[in-house]
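Have a look at my_file_0.json; it's JSON, C-alpha atoms:
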[["chain", "number", "residue", "atom", "x", "y", "z"],
["A", 1, "MET", "CA", 2.37, 13.81, -17.22],
["A", 2, "ILE", "CA", -1.20, 14.67, -18.25],
["A", 3, "THR", "CA", -2.88, 11.45, -19.34],
["A", 4, "ASN", "CA", -6.33, 12.84, -20.16],
["A", 5, "PRO", "CA", -6.61, 16.50, -21.18],
["A", 6, "GLY", "CA", -10.38, 16.43, -20.80],
["A", 7, "SER", "CA", -10.45, 15.35, -17.17],
["A", 8, "GLY", "CA", -7.03, 16.75, -16.27],
["A", 9, "THR", "CA", -5.96, 13.35, -14.93],
["A", 10, "ASN", "CA", -2.19, 13.14, -14.49],
["A", 11, "ILE", "CA", 0.40, 10.69, -13.18],
["A", 12, "HIS", "CA", 3.80, 11.32, -11.56],
["A", 13, "GLU", "CA", 6.37, 9.09, -9.88],
["A", 14, "ILE", "CA", 6.71, 10.53, -6.36],
["A", 15, "VAL", "CA", 9.30, 8.02, -5.08],
["A", 16, "ALA", "CA", 11.00, 5.05, -6.73],
["A", 17, "GLY", "CA", 8.31, 2.74, -8.07],
["A", 18, "ILE", "CA", 5.35, 4.62, -6.56],
["A", 19, "TYR", "CA", 3.13, 6.79, -8.76],
["A", 20, "ARG", "CA", 0.48, 9.32, -7.81],
["A", 21, "ILE", "CA", -2.55, 9.51, -10.10],
["A", 22, "ASN", "CA", -4.49, 12.75, -9.66],
["A", 23, "THR", "CA", -7.80, 13.92, -11.08],
["A", 24, "PRO", "CA", -9.10, 17.43, -10.30],
["A", 25, "VAL", "CA", -12.85, 17.84, -9.93],
["A", 26, "ALA", "CA", -15.28, 20.70, -9.38],
["A", 27, "ILE", "CA", -17.76, 20.17, -6.55],
["A", 28, "PRO", "CA", -20.86, 22.39, -6.83],
["A", 29, "GLY", "CA", -20.89, 24.88, -3.99],
["A", 30, "ALA", "CA", -17.47, 23.80, -2.71],
["A", 31, "GLY", "CA", -15.12, 24.67, -5.56],
["A", 32, "ALA", "CA", -12.07, 22.71, -6.70],
["A", 33, "PHE", "CA", -11.21, 19.35, -5.20],
["A", 34, "ASN", "CA", -9.18, 16.30, -6.23],
["A", 35, "PHE", "CA", -8.89, 12.53, -5.98],
["A", 36, "ASN", "CA", -5.62, 10.58, -5.86],
["A", 37, "GLN", "CA", -4.72, 6.95, -6.30],
["A", 38, "TYR", "CA", -1.28, 5.43, -5.71],
["A", 39, "LEU", "CA", 0.28, 2.73, -7.88],
["A", 40, "ILE", "CA", 3.17, 0.59, -6.61],
["A", 41, "VAL", "CA", 4.86, -1.08, -9.56],
["A", 42, "ASP", "CA", 6.54, -4.38, -8.74],
["A", 43, "ASP", "CA", 6.32, -8.11, -9.42],
["A", 44, "ALA", "CA", 2.87, -8.02, -7.83],
["A", 45, "SER", "CA", 1.71, -4.46, -8.46],
["A", 46, "LEU", "CA", -0.76, -2.76, -6.15],
["A", 47, "VAL", "CA", -3.05, 0.24, -6.47],
["A", 48, "PHE", "CA", -4.26, 2.01, -3.31],
["A", 49, "HIS", "CA", -7.70, 3.61, -3.75],
["A", 50, "THR", "CA", -9.69, 3.02, -6.94],
["A", 51, "GLY", "CA", -11.43, 6.36, -7.18],
["A", 52, "PRO", "CA", -15.20, 6.63, -7.78],
["A", 53, "ARG", "CA", -16.68, 4.33, -10.42],
["A", 54, "ARG", "CA", -17.22, 7.16, -12.89],
["A", 55, "MET", "CA", -13.48, 7.95, -12.80],
["A", 56, "PHE", "CA", -12.39, 4.45, -13.76],
["A", 57, "PRO", "CA", -11.78, 5.34, -17.45],
["A", 58, "PHE", "CA", -9.42, 8.17, -16.45],
["A", 59, "VAL", "CA", -7.61, 6.28, -13.68],
["A", 60, "SER", "CA", -7.17, 3.11, -15.73],
["A", 61, "GLU", "CA", -5.91, 5.16, -18.67],
["A", 62, "ALA", "CA", -3.26, 6.75, -16.44],
["A", 63, "ILE", "CA", -2.15, 3.41, -14.98],
["A", 64, "GLY", "CA", -1.90, 2.05, -18.52],
["A", 65, "LYS", "CA", 0.82, 4.60, -19.28],
["A", 66, "VAL", "CA", 3.03, 2.85, -16.72],
["A", 67, "LEU", "CA", 1.76, -0.72, -16.48],
["A", 68, "PRO", "CA", -0.67, -2.96, -18.41],
["A", 69, "LEU", "CA", -3.83, -2.90, -16.34],
["A", 70, "ASP", "CA", -4.18, -6.68, -16.39],
["A", 71, "LYS", "CA", -0.86, -6.97, -14.53],
["A", 72, "LEU", "CA", -2.32, -5.50, -11.34],
["A", 73, "ARG", "CA", -2.37, -8.03, -8.52],
["A", 74, "TYR", "CA", -3.82, -6.11, -5.57],
["A", 75, "ILE", "CA", -6.63, -3.53, -5.42],
["A", 76, "ALA", "CA", -6.25, -2.03, -1.94],
["A", 77, "PHE", "CA", -8.14, 0.66, -0.05],
["A", 78, "SER", "CA", -8.52, 2.13, 3.42],
["A", 79, "HIS", "CA", -12.27, 1.76, 4.00],
["A", 80, "PHE", "CA", -15.55, 1.18, 2.23],
["A", 81, "GLU", "CA", -16.48, 4.45, 0.53],
["A", 82, "ALA", "CA", -17.04, 5.44, -3.10],
["A", 83, "ASP", "CA", -13.78, 7.33, -3.58],
["A", 84, "GLU", "CA", -11.89, 4.48, -1.92],
["A", 85, "CYS", "CA", -13.35, 1.53, -3.79],
["A", 86, "GLY", "CA", -16.17, 2.69, -6.08],
["A", 87, "ALA", "CA", -14.38, 1.27, -9.13],
["A", 88, "LEU", "CA", -13.32, -1.96, -7.40],
["A", 89, "ASN", "CA", -15.25, -4.34, -9.63],
["A", 90, "ASP", "CA", -14.13, -2.48, -12.75],
["A", 91, "PHE", "CA", -10.53, -3.09, -11.67],
["A", 92, "LEU", "CA", -11.23, -6.73, -10.87],
["A", 93, "ALA", "CA", -12.68, -7.20, -14.35],
["A", 94, "ALA", "CA", -9.76, -5.46, -16.07],
["A", 95, "ALA", "CA", -7.13, -7.35, -14.01],
["A", 96, "PRO", "CA", -8.38, -10.96, -13.84],
["A", 97, "LYS", "CA", -5.65, -12.11, -11.41],
["A", 98, "SER", "CA", -6.21, -9.26, -8.96],
["A", 99, "VAL", "CA", -7.93, -9.41, -5.58],
["A", 100, "PRO", "CA", -9.28, -6.75, -3.22],
["A", 101, "VAL", "CA", -7.10, -5.93, -0.19],
["A", 102, "CYS", "CA", -8.66, -4.44, 2.93],
["A", 103, "SER", "CA", -9.05, -4.94, 6.66],
["A", 104, "ARG", "CA", -10.69, -8.04, 8.09],
["A", 105, "VAL", "CA", -13.59, -5.93, 9.29],
["A", 106, "ALA", "CA", -14.11, -4.40, 5.83],
["A", 107, "ALA", "CA", -14.12, -7.85, 4.24],
["A", 108, "MET", "CA", -16.63, -9.11, 6.80],
["A", 109, "VAL", "CA", -19.12, -6.24, 6.72],
["A", 110, "SER", "CA", -18.99, -5.09, 3.08],
["A", 111, "VAL", "CA", -16.32, -6.18, 0.65],
["A", 112, "ASP", "CA", -16.89, -9.92, 0.44],
["A", 113, "ASP", "CA", -20.53, -9.23, -0.41],
["A", 114, "VAL", "CA", -20.02, -6.41, -2.90],
["A", 115, "ALA", "CA", -16.78, -7.43, -4.64],
["A", 116, "ASP", "CA", -16.80, -9.89, -7.51],
["A", 117, "ARG", "CA", -13.93, -11.82, -5.88],
["A", 118, "PRO", "CA", -13.21, -12.47, -2.20],
["A", 119, "ALA", "CA", -10.86, -10.06, -0.47],
["A", 120, "ARG", "CA", -7.36, -10.67, 0.79],
["A", 121, "ALA", "CA", -8.22, -9.48, 4.28],
["A", 122, "LEU", "CA", -5.16, -8.31, 6.21],
["A", 123, "ALA", "CA", -4.77, -8.48, 9.97],
["A", 124, "ASP", "CA", -3.33, -5.56, 11.91],
["A", 125, "GLY", "CA", 0.44, -5.55, 11.37],
["A", 126, "GLU", "CA", 0.34, -8.10, 8.53],
["A", 127, "THR", "CA", 2.72, -7.54, 5.62],
["A", 128, "LEU", "CA", 2.26, -8.15, 1.93],
["A", 129, "THR", "CA", 5.35, -8.65, -0.23],
["A", 130, "LEU", "CA", 5.06, -7.21, -3.72],
["A", 131, "GLY", "CA", 8.63, -7.93, -4.85],
["A", 132, "ARG", "CA", 11.20, -5.33, -3.86],
["A", 133, "HIS", "CA", 8.44, -3.41, -2.12],
["A", 134, "GLU", "CA", 6.60, -4.57, 0.97],
["A", 135, "VAL", "CA", 3.50, -3.04, 2.52],
["A", 136, "ARG", "CA", 2.30, -3.39, 6.10],
["A", 137, "TRP", "CA", -1.33, -2.97, 7.12],
["A", 138, "TYR", "CA", -2.35, -0.96, 10.19],
["A", 139, "ASP", "CA", -5.89, -1.14, 11.55],
["A", 140, "THR", "CA", -7.06, 2.42, 12.32],
["A", 141, "PRO", "CA", -10.71, 1.97, 13.39],
["A", 142, "HIS", "CA", -12.66, 5.26, 13.32],
["A", 143, "MET", "CA", -9.48, 7.15, 12.38],
["A", 144, "PRO", "CA", -10.34, 9.29, 10.61],
["A", 145, "HIS", "CA", -13.69, 7.51, 10.12],
["A", 146, "GLY", "CA", -15.12, 4.06, 9.56],
["A", 147, "TRP", "CA", -14.99, 1.02, 11.83],
["A", 148, "GLU", "CA", -13.19, -0.89, 9.09],
["A", 149, "CYS", "CA", -10.58, 1.80, 8.37],
["A", 150, "GLY", "CA", -6.90, 0.96, 7.93],
["A", 151, "LEU", "CA", -3.76, 2.37, 6.32],
["A", 152, "MET", "CA", -0.66, 0.94, 4.63],
["A", 153, "MET", "CA", 3.05, 1.68, 4.95],
["A", 154, "GLU", "CA", 5.40, 0.86, 2.08],
["A", 155, "ARG", "CA", 8.55, -0.08, 3.93],
["A", 156, "LEU", "CA", 11.27, 0.21, 1.25],
["A", 157, "THR", "CA", 10.59, 3.91, 0.59],
["A", 158, "GLY", "CA", 8.99, 4.80, 3.92],
["A", 159, "THR", "CA", 5.77, 5.86, 2.19],
["A", 160, "LEU", "CA", 2.65, 5.96, 4.36],
["A", 161, "LEU", "CA", -0.45, 5.47, 2.22],
["A", 162, "CYS", "CA", -2.38, 7.70, 4.58],
["A", 163, "GLY", "CA", -5.82, 7.88, 2.98],
["A", 164, "ASP", "CA", -7.93, 10.80, 4.16],
["A", 165, "LEU", "CA", -5.33, 12.13, 6.58],
["A", 166, "PHE", "CA", -4.10, 15.61, 5.63],
["A", 167, "THR", "CA", -6.86, 16.16, 3.06],
["A", 168, "GLN", "CA", -6.20, 19.36, 1.11],
["A", 169, "GLY", "CA", -8.71, 21.18, -1.04],
["A", 170, "GLY", "CA", -8.01, 22.56, -4.48],
["A", 171, "ALA", "CA", -6.98, 20.71, -7.61],
["A", 172, "GLY", "CA", -3.85, 19.12, -6.13],
["A", 173, "GLU", "CA", -1.59, 20.41, -8.88],
["A", 174, "THR", "CA", 1.68, 19.69, -7.04],
["A", 175, "PRO", "CA", 2.43, 15.93, -7.00],
["A", 176, "LEU", "CA", 4.93, 16.04, -4.11],
["A", 177, "THR", "CA", 5.64, 18.92, -1.77],
["A", 178, "GLU", "CA", 7.80, 19.72, 1.24],
["A", 179, "ALA", "CA", 5.66, 22.74, 2.15],
["A", 180, "ASP", "CA", 3.24, 22.78, 5.07],
["A", 181, "ILE", "CA", 0.16, 20.61, 4.56],
["A", 182, "LEU", "CA", -1.01, 20.47, 8.17],
["A", 183, "GLY", "CA", -2.27, 24.06, 8.11],
["A", 184, "PRO", "CA", -4.21, 23.72, 4.84],
["A", 185, "SER", "CA", -5.61, 20.32, 5.81],
["A", 186, "GLU", "CA", -6.78, 21.54, 9.21],
["A", 187, "ALA", "CA", -8.34, 24.59, 7.56],
["A", 188, "PHE", "CA", -10.21, 22.24, 5.23],
["A", 189, "ARG", "CA", -11.32, 20.08, 8.15],
["A", 190, "GLY", "CA", -12.57, 23.19, 9.93],
["A", 191, "GLN", "CA", -15.10, 23.68, 7.12],
["A", 192, "MET", "CA", -16.14, 20.03, 6.83],
["A", 193, "ASP", "CA", -15.01, 17.89, 9.75],
["A", 194, "TYR", "CA", -14.71, 14.32, 8.51],
["A", 195, "TYR", "CA", -13.07, 12.85, 11.65],
["A", 196, "ALA", "CA", -14.92, 10.50, 13.99],
["A", 197, "HIS", "CA", -12.90, 11.82, 16.97],
["A", 198, "SER", "CA", -12.64, 8.41, 18.55],
["A", 199, "PRO", "CA", -10.97, 8.19, 22.00],
["A", 200, "ASP", "CA", -8.21, 6.19, 20.30],
["A", 201, "THR", "CA", -7.39, 8.73, 17.57],
["A", 202, "THR", "CA", -4.30, 10.17, 19.26],
["A", 203, "ALA", "CA", -2.94, 6.72, 20.14],
["A", 204, "ILE", "CA", -3.36, 5.56, 16.53],
["A", 205, "LEU", "CA", -1.60, 8.64, 15.16],
["A", 206, "GLU", "CA", 1.25, 8.19, 17.65],
["A", 207, "ARG", "CA", 1.59, 4.56, 16.59],
["A", 208, "LEU", "CA", 1.89, 5.60, 12.95],
["A", 209, "ALA", "CA", 4.40, 8.29, 13.92],
["A", 210, "ARG", "CA", 6.65, 5.64, 15.47],
["A", 211, "GLU", "CA", 7.05, 4.16, 11.99],
["A", 212, "SER", "CA", 8.83, 7.41, 10.95],
["A", 213, "PRO", "CA", 7.38, 7.73, 7.44],
["A", 214, "LYS", "CA", 9.36, 9.78, 4.94],
["A", 215, "VAL", "CA", 6.52, 10.34, 2.46],
["A", 216, "LEU", "CA", 2.82, 10.80, 3.15],
["A", 217, "ALA", "CA", 0.69, 9.71, 0.19],
["A", 218, "CYS", "CA", -2.50, 11.72, 0.71],
["A", 219, "MET", "CA", -5.72, 10.77, -1.03],
["A", 220, "HIS", "CA", -6.69, 14.40, -1.56],
["A", 221, "GLY", "CA", -4.04, 17.03, -2.26],
["A", 222, "SER", "CA", -0.29, 16.88, -2.67],
["A", 223, "ALA", "CA", 1.77, 13.99, -1.39],
["A", 224, "TRP", "CA", 4.30, 15.22, 1.16],
["A", 225, "LYS", "CA", 7.98, 14.55, 1.82],
["A", 226, "GLY", "CA", 9.74, 15.21, 5.12],
["A", 227, "ASP", "CA", 9.66, 14.23, 8.78],
["A", 228, "GLY", "CA", 6.43, 12.27, 8.79],
["A", 229, "ALA", "CA", 6.61, 11.50, 12.50],
["A", 230, "ALA", "CA", 6.69, 15.20, 13.36],
["A", 231, "LEU", "CA", 3.76, 15.92, 11.05],
["A", 232, "LEU", "CA", 1.67, 13.11, 12.56],
["A", 233, "HIS", "CA", 2.50, 14.38, 16.06],
["A", 234, "GLY", "CA", 1.39, 17.84, 14.89],
["A", 235, "LEU", "CA", -1.92, 16.46, 13.63],
["A", 236, "ALA", "CA", -2.53, 14.64, 16.91],
["A", 237, "LYS", "CA", -1.85, 17.85, 18.84],
["A", 238, "SER", "CA", -4.15, 19.90, 16.61],
["A", 239, "LEU", "CA", -6.97, 17.40, 17.00],
["A", 240, "ASP", "CA", -6.55, 17.35, 20.77],
["A", 241, "GLU", "CA", -6.58, 21.14, 20.96],
["A", 242, "ARG", "CA", -9.64, 21.59, 18.75],
["A", 243, "ASN", "CA", -11.56, 18.60, 20.09],
["A", 244, "PRO", "CA", -10.28, 17.91, 23.61],
["A", 245, "PRO", "CA", -11.11, 14.51, 25.16],
["A", 246, "ARG", "CA", -14.36, 14.50, 27.13]]
Written as structure tokens, how would this file's structure read?
Amino acid sequence: MITNPGSGTNIHEIVAGIYRINTPVAIPGAGAFNFNQYLIVDDASLVFHTGPRRMFPFVSEAIGKVLPLDKLRYIAFSHFEADECGALNDFLAAAPKSVPVCSRVAAMVSVDDVADRPARALADGETLTLGRHEVRWYDTPHMPHGWECGLMMERLTGTLLCGDLFTQGGAGETPLTEADILGPSEAFRGQMDYYAHSPDTTAILERLARESPKVLACMHGSAWKGDGAALLHGLAKSLDERNPPR
């Protein structure tokens, strides 16, 4: 469903109770790109990624088609970066009972200073119950980038909120695909490598693979449905081959 014809912002339910909000953008010199947020609707609803501050009117409008904005309880994100949490304080103002959700490191070094309310800082492996849905936090320092980085797994549907992993260029027209995204995402990374290439990258990807996700909720590009463990193994292998350990 297109929620704003001017910006092209759209929202689609990709699995039961989880919605992908997508806004295509044009980046000068780089062509079409896109930003996604993911909304989990439950007793205590959560949005993962806020989008940049300037996109707040479009993102909030899309969420409002599914849920009153003031019903949001958790504003979660992977790491401290504009497309992850640029609109954080706008969300906190619009949803007075909401709190930021991030890693303990993120809360310590950035979020508790910048955010208008203190963060709910999650430890590695900690779970947050939303109602029927439950999310678990995984610390992923420097994977793909940022000391404070972490990802979330929604356990009822097996959806890995995988942030910048498998970033795909283009407008992201397809909400959910079963087609290959590893090839396109690695081609994109070849042009603009956004990975830190930490010594622990492979181990972190293998840990996520052991959770056997069924859906990968990518921040840029289509969400993906299939054998998530195999795809994460494939990413680890590609990274090792292109950037072998020193």
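Distance-wise, atom CA of Thr9 of chain A and atom CA of Glu61 of chain A end up 9.0 Å apart.
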Identify, on the basis of only C-alpha atoms, every residue whose closest approach to segment 160-173 of chain A does not exceed 6 Å; exclude the query and any residue fewer than 2 positions from it along the same chain; express the result as JSON, numbers by chain.
-> {"A": [24, 32, 33, 34, 151, 152, 153, 185, 213, 216, 217, 218, 219, 220, 221, 222]}
For the atom pair atom CA of Ala121 of chain A and atom CA of His142 of chain A, what is the interatomic distance in Å to one decimal place?
-> 17.9 Å
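Computed from the coordinates, the atom CA of Glu81 of chain A to atom CA of Ile63 of chain A distance equals 21.1 Å.
For the residues A:Asp193, A:Asp90, A:Asp139, A:Asp240, ranking by smallest atom-to-atom distance to Arg117 of chain A using only C-alpha atoms places A:Asp90 first.
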Hey, what's within 9 Å of Ile204 of chain A if we count all atoms listed in the file and toss same-chain stuff fewer than 5 positions away? As a VMD selection string, please?
-> chain A and resid 139 to 141 143 209
Can you list, as a PyMOL selection string, every protein, DNA or RNA residue that comes within 10 Å of Asp180 of chain A when you count only C-alpha atoms, leaving out same-chain residues fewer than 6 positions away?
-> chain A and resi 224+226+231
Using all atoms listed in the file, tabulate the residues of segment 137-202 of chain A lying at most 12 Å from any atom of segment 110-116 of chain A, each with its closest atom pair and that distance in Å to one decimal, by chain and increasing residue number, as CSV.
residue,atom,partner,partner_atom,distance
A:Gly146,CA,A:Ser110,CA,11.9
A:Trp147,CA,A:Ser110,CA,11.4
A:Glu148,CA,A:Ser110,CA,9.3
Reconstruct N, CA, C and O atoms of segment 90-104 of chain A from the incomplete input and present them as a CSV table (one decimal), keeping the file's coordinate frame.
chain,number,residue,atom,x,y,z
A,90,ASP,N,-14.7,-2.8,-11.4
A,90,ASP,CA,-14.1,-2.5,-12.8
A,90,ASP,C,-12.7,-2.9,-12.8
A,90,ASP,O,-12.2,-3.5,-13.8
A,91,PHE,N,-11.9,-2.7,-11.7
A,91,PHE,CA,-10.5,-3.1,-11.7
A,91,PHE,C,-10.4,-4.6,-11.7
A,91,PHE,O,-9.6,-5.2,-12.4
A,92,LEU,N,-11.3,-5.3,-10.9
A,92,LEU,CA,-11.2,-6.7,-10.9
A,92,LEU,C,-11.5,-7.3,-12.2
A,92,LEU,O,-10.9,-8.4,-12.6
A,93,ALA,N,-12.4,-6.7,-13.0
A,93,ALA,CA,-12.7,-7.2,-14.4
A,93,ALA,C,-11.5,-7.0,-15.3
A,93,ALA,O,-11.2,-7.8,-16.2
A,94,ALA,N,-10.9,-5.8,-15.2
A,94,ALA,CA,-9.8,-5.5,-16.1
A,94,ALA,C,-8.5,-6.2,-15.7
A,94,ALA,O,-7.6,-6.4,-16.6
A,95,ALA,N,-8.3,-6.6,-14.5
A,95,ALA,CA,-7.1,-7.4,-14.0
A,95,ALA,C,-7.6,-8.7,-13.4
A,95,ALA,O,-7.8,-8.8,-12.2
A,96,PRO,N,-7.7,-9.7,-14.3
A,96,PRO,CA,-8.4,-11.0,-13.8
A,96,PRO,C,-7.7,-11.7,-12.7
A,96,PRO,O,-8.3,-12.5,-12.0
A,97,LYS,N,-6.4,-11.4,-12.5
A,97,LYS,CA,-5.6,-12.1,-11.4
A,97,LYS,C,-5.6,-11.3,-10.1
A,97,LYS,O,-5.0,-11.7,-9.2
A,98,SER,N,-6.3,-10.2,-10.1
A,98,SER,CA,-6.2,-9.3,-9.0
A,98,SER,C,-7.2,-9.6,-7.9
A,98,SER,O,-8.2,-10.3,-8.2
A,99,VAL,N,-7.0,-9.2,-6.7
A,99,VAL,CA,-7.9,-9.4,-5.6
A,99,VAL,C,-8.0,-8.1,-4.8
A,99,VAL,O,-7.1,-7.3,-4.7
A,100,PRO,N,-9.2,-7.9,-4.1
A,100,PRO,CA,-9.3,-6.8,-3.2
A,100,PRO,C,-8.4,-7.0,-2.0
A,100,PRO,O,-8.2,-8.1,-1.6
A,101,VAL,N,-7.9,-5.9,-1.4
A,101,VAL,CA,-7.1,-5.9,-0.2
A,101,VAL,C,-7.7,-4.9,0.8
A,101,VAL,O,-7.8,-3.7,0.4
A,102,CYS,N,-8.0,-5.3,2.0
A,102,CYS,CA,-8.7,-4.4,2.9
A,102,CYS,C,-8.5,-5.0,4.3
A,102,CYS,O,-7.9,-6.1,4.5
A,103,SER,N,-9.1,-4.4,5.3
A,103,SER,CA,-9.0,-4.9,6.7
A,103,SER,C,-10.0,-6.1,6.8
A,103,SER,O,-10.9,-6.4,6.0
A,104,ARG,N,-9.8,-6.9,7.8
A,104,ARG,CA,-10.7,-8.0,8.1
A,104,ARG,C,-12.1,-7.6,8.3
A,104,ARG,O,-13.1,-8.2,7.9
